[in-house]
Amino acid sequence: MTDADAARDPEELPAEIRESVPTWDDEYFDRVSDRLMFSYDLERDRAVRGERFDLYGELRMLTQKQFFHPALSYADHEAEEYLFARRTDRPTVADLEALVELGHDLADDWITADEEHYETKFTFVLVAEAVPEDVASYVEGFRDRTLLKYGYYGHYEVNLVVVAPGDERAVASEQADVANAFALWGDLEPEPEGFLSRFAKRFWT
């Protein structure tokens with residue numbers, strides 16, 4: 001999710017794509033979905049392993065190198081992100097730890113670990129009235145990256161974001177690029193490179 005995506009007008013998309021995006025009974029999530037729809041397939045009210053999320057999104061990418069002609073492709077690589085967001089009264093570190101555990105459980109169930117798998121992200125976003133300082137410290141220092149078969153089958157990451165729209169505050173773990181879409185009052189400090197550009201440089205050169 002890049003800054004350019006966050007600034008685009010949903011009217012740029014074809015009508016059939018816009019019409020497939022759900023409507024939330026929540027102005028905040030409706031506005032966030034306007035930013036996410038350029039990159040993610042979106043759903044509302046998704047339940048996973050007994051946990052309910054107001055917003056769910058999937059981003060999938062397939063890259064391949066070509067030898068003279070598209071039919072002669074090799075080095076196919078897949079990257080995916082699964083995004084889960086919900087409101088909560090007051091987030092706690094224990095809540096975040098439970099989401100991290102959920103991310104690892106989903107990785108066991110959802111990832112097909114093979115030579116074509118490059119990266120999968122599980123990103124969890126909590127939308128709250130305020131961001132407690134212990135939660136902010138936990139999120140900002142968080143990084144969870146797991147190699148699959150010593151990296152031969154790629155890796156997966158669990159990312160965390162906590163947002164307090166009323167306070168215009170958002171905290172995000174290091175690799176949670178999508179956090180910008182949730183900071184409606186203005187983008188977070190941009191990373192030197194976003195996920196898409198890092199991925200492209202890795203496999204399109």
# chains A, B, ... in the order shown; residues from 1 in each chain; ligands from 1
>>> residues_around(residues="A:Phe142", least_positions_apart="3", cutoff="7 Å", atoms="only C-alpha atoms", output="list in words")
Tyr138, Val139 and Ser173 of chain A
>>> residues_around(residues="A:Asp114", least_positions_apart="3", cutoff="9 Å", atoms="only C-alpha atoms", output="MDAnalysis selection string")
chainID A and resid 117:118 148 152:154
>>> closest_residue(among="A:Trp24, A:Trp185, A:Tyr40, A:Phe53", to="A:Arg87", atoms="only C-alpha atoms")
A:Phe53
>>> closest_residue(among="A:Gly103, A:Gly186, A:Pro132, A:Gly57", to="A:Asp144", atoms="only C-alpha atoms")
A:Gly103
>>> atom_distance(atom1="atom CA of A:Asp41", atom2="atom CA of A:Tyr156")
19.7 Å
>>> select_by_dssp(residues="stretch 82-141 of chain A", states="alpha helix (DSSP H)", output="mmCIF file with C-alpha atoms, in the first residue's frame")
data_model
loop_
_atom_site.group_PDB
_atom_site.id
_atom_site.type_symbol
_atom_site.label_atom_id
_atom_site.label_comp_id
_atom_site.auth_asym_id
_atom_site.auth_seq_id
_atom_site.Cartn_x
_atom_site.Cartn_y
_atom_site.Cartn_z
ATOM 1 C CA VAL A 93 -0.545 -6.223 24.840
ATOM 2 C CA ALA A 94 -2.316 -9.513 25.563
ATOM 3 C CA ASP A 95 -4.739 -8.787 22.695
ATOM 4 C CA LEU A 96 -1.815 -8.256 20.344
ATOM 5 C CA GLU A 97 -0.041 -11.392 21.507
ATOM 6 C CA ALA A 98 -3.214 -13.378 20.791
ATOM 7 C CA LEU A 99 -3.341 -11.929 17.269
ATOM 8 C CA VAL A 100 0.297 -12.863 16.698
ATOM 9 C CA GLU A 101 -0.512 -16.431 17.738
ATOM 10 C CA LEU A 102 -3.481 -16.381 15.349
ATOM 11 C CA GLY A 103 -1.146 -15.261 12.558
ATOM 12 C CA HIS A 104 1.121 -18.245 13.145
ATOM 13 C CA ASP A 105 -1.852 -20.611 13.212
ATOM 14 C CA LEU A 106 -3.107 -19.214 9.898
ATOM 15 C CA ALA A 107 0.363 -19.549 8.399
ATOM 16 C CA ASP A 108 0.272 -23.266 9.191
ATOM 17 C CA ASP A 109 -3.139 -23.584 7.532
ATOM 18 C CA TRP A 110 -2.986 -21.163 4.599
ATOM 19 C CA GLU A 133 1.788 3.561 25.890
ATOM 20 C CA ASP A 134 2.620 -0.076 26.634
ATOM 21 C CA VAL A 135 0.749 -1.066 23.462
ATOM 22 C CA ALA A 136 2.579 1.581 21.431
ATOM 23 C CA SER A 137 5.932 0.360 22.748
ATOM 24 C CA TYR A 138 5.095 -3.265 21.966
ATOM 25 C CA VAL A 139 3.934 -2.521 18.417
ATOM 26 C CA GLU A 140 6.778 -0.197 17.498
#
>>> atom_distance(atom1="atom CA of A:Ala128", atom2="atom CA of A:Ala164")
5.0 Å
>>> residues_around(residues="A:Gln175", least_positions_apart="2", cutoff="8 Å", atoms="only C-alpha atoms", output="list in words")
Arg143, Asn159, Ala172, Ser173 and Asp177 of chain A
>>> closest_residue(among="A:Val21, A:Arg46, A:Pro165, A:Glu115", to="A:Asp34", atoms="only C-alpha atoms")
A:Val21
>>> select_by_dssp(residues="stretch 31-129 of chain A", states="strand (DSSP E)", output="ChimeraX atom specification")
/A:41-48,51-67,69-87,117-127
>>> atom_distance(atom1="atom CA of A:Phe38", atom2="atom CA of A:Val178")
12.1 Å
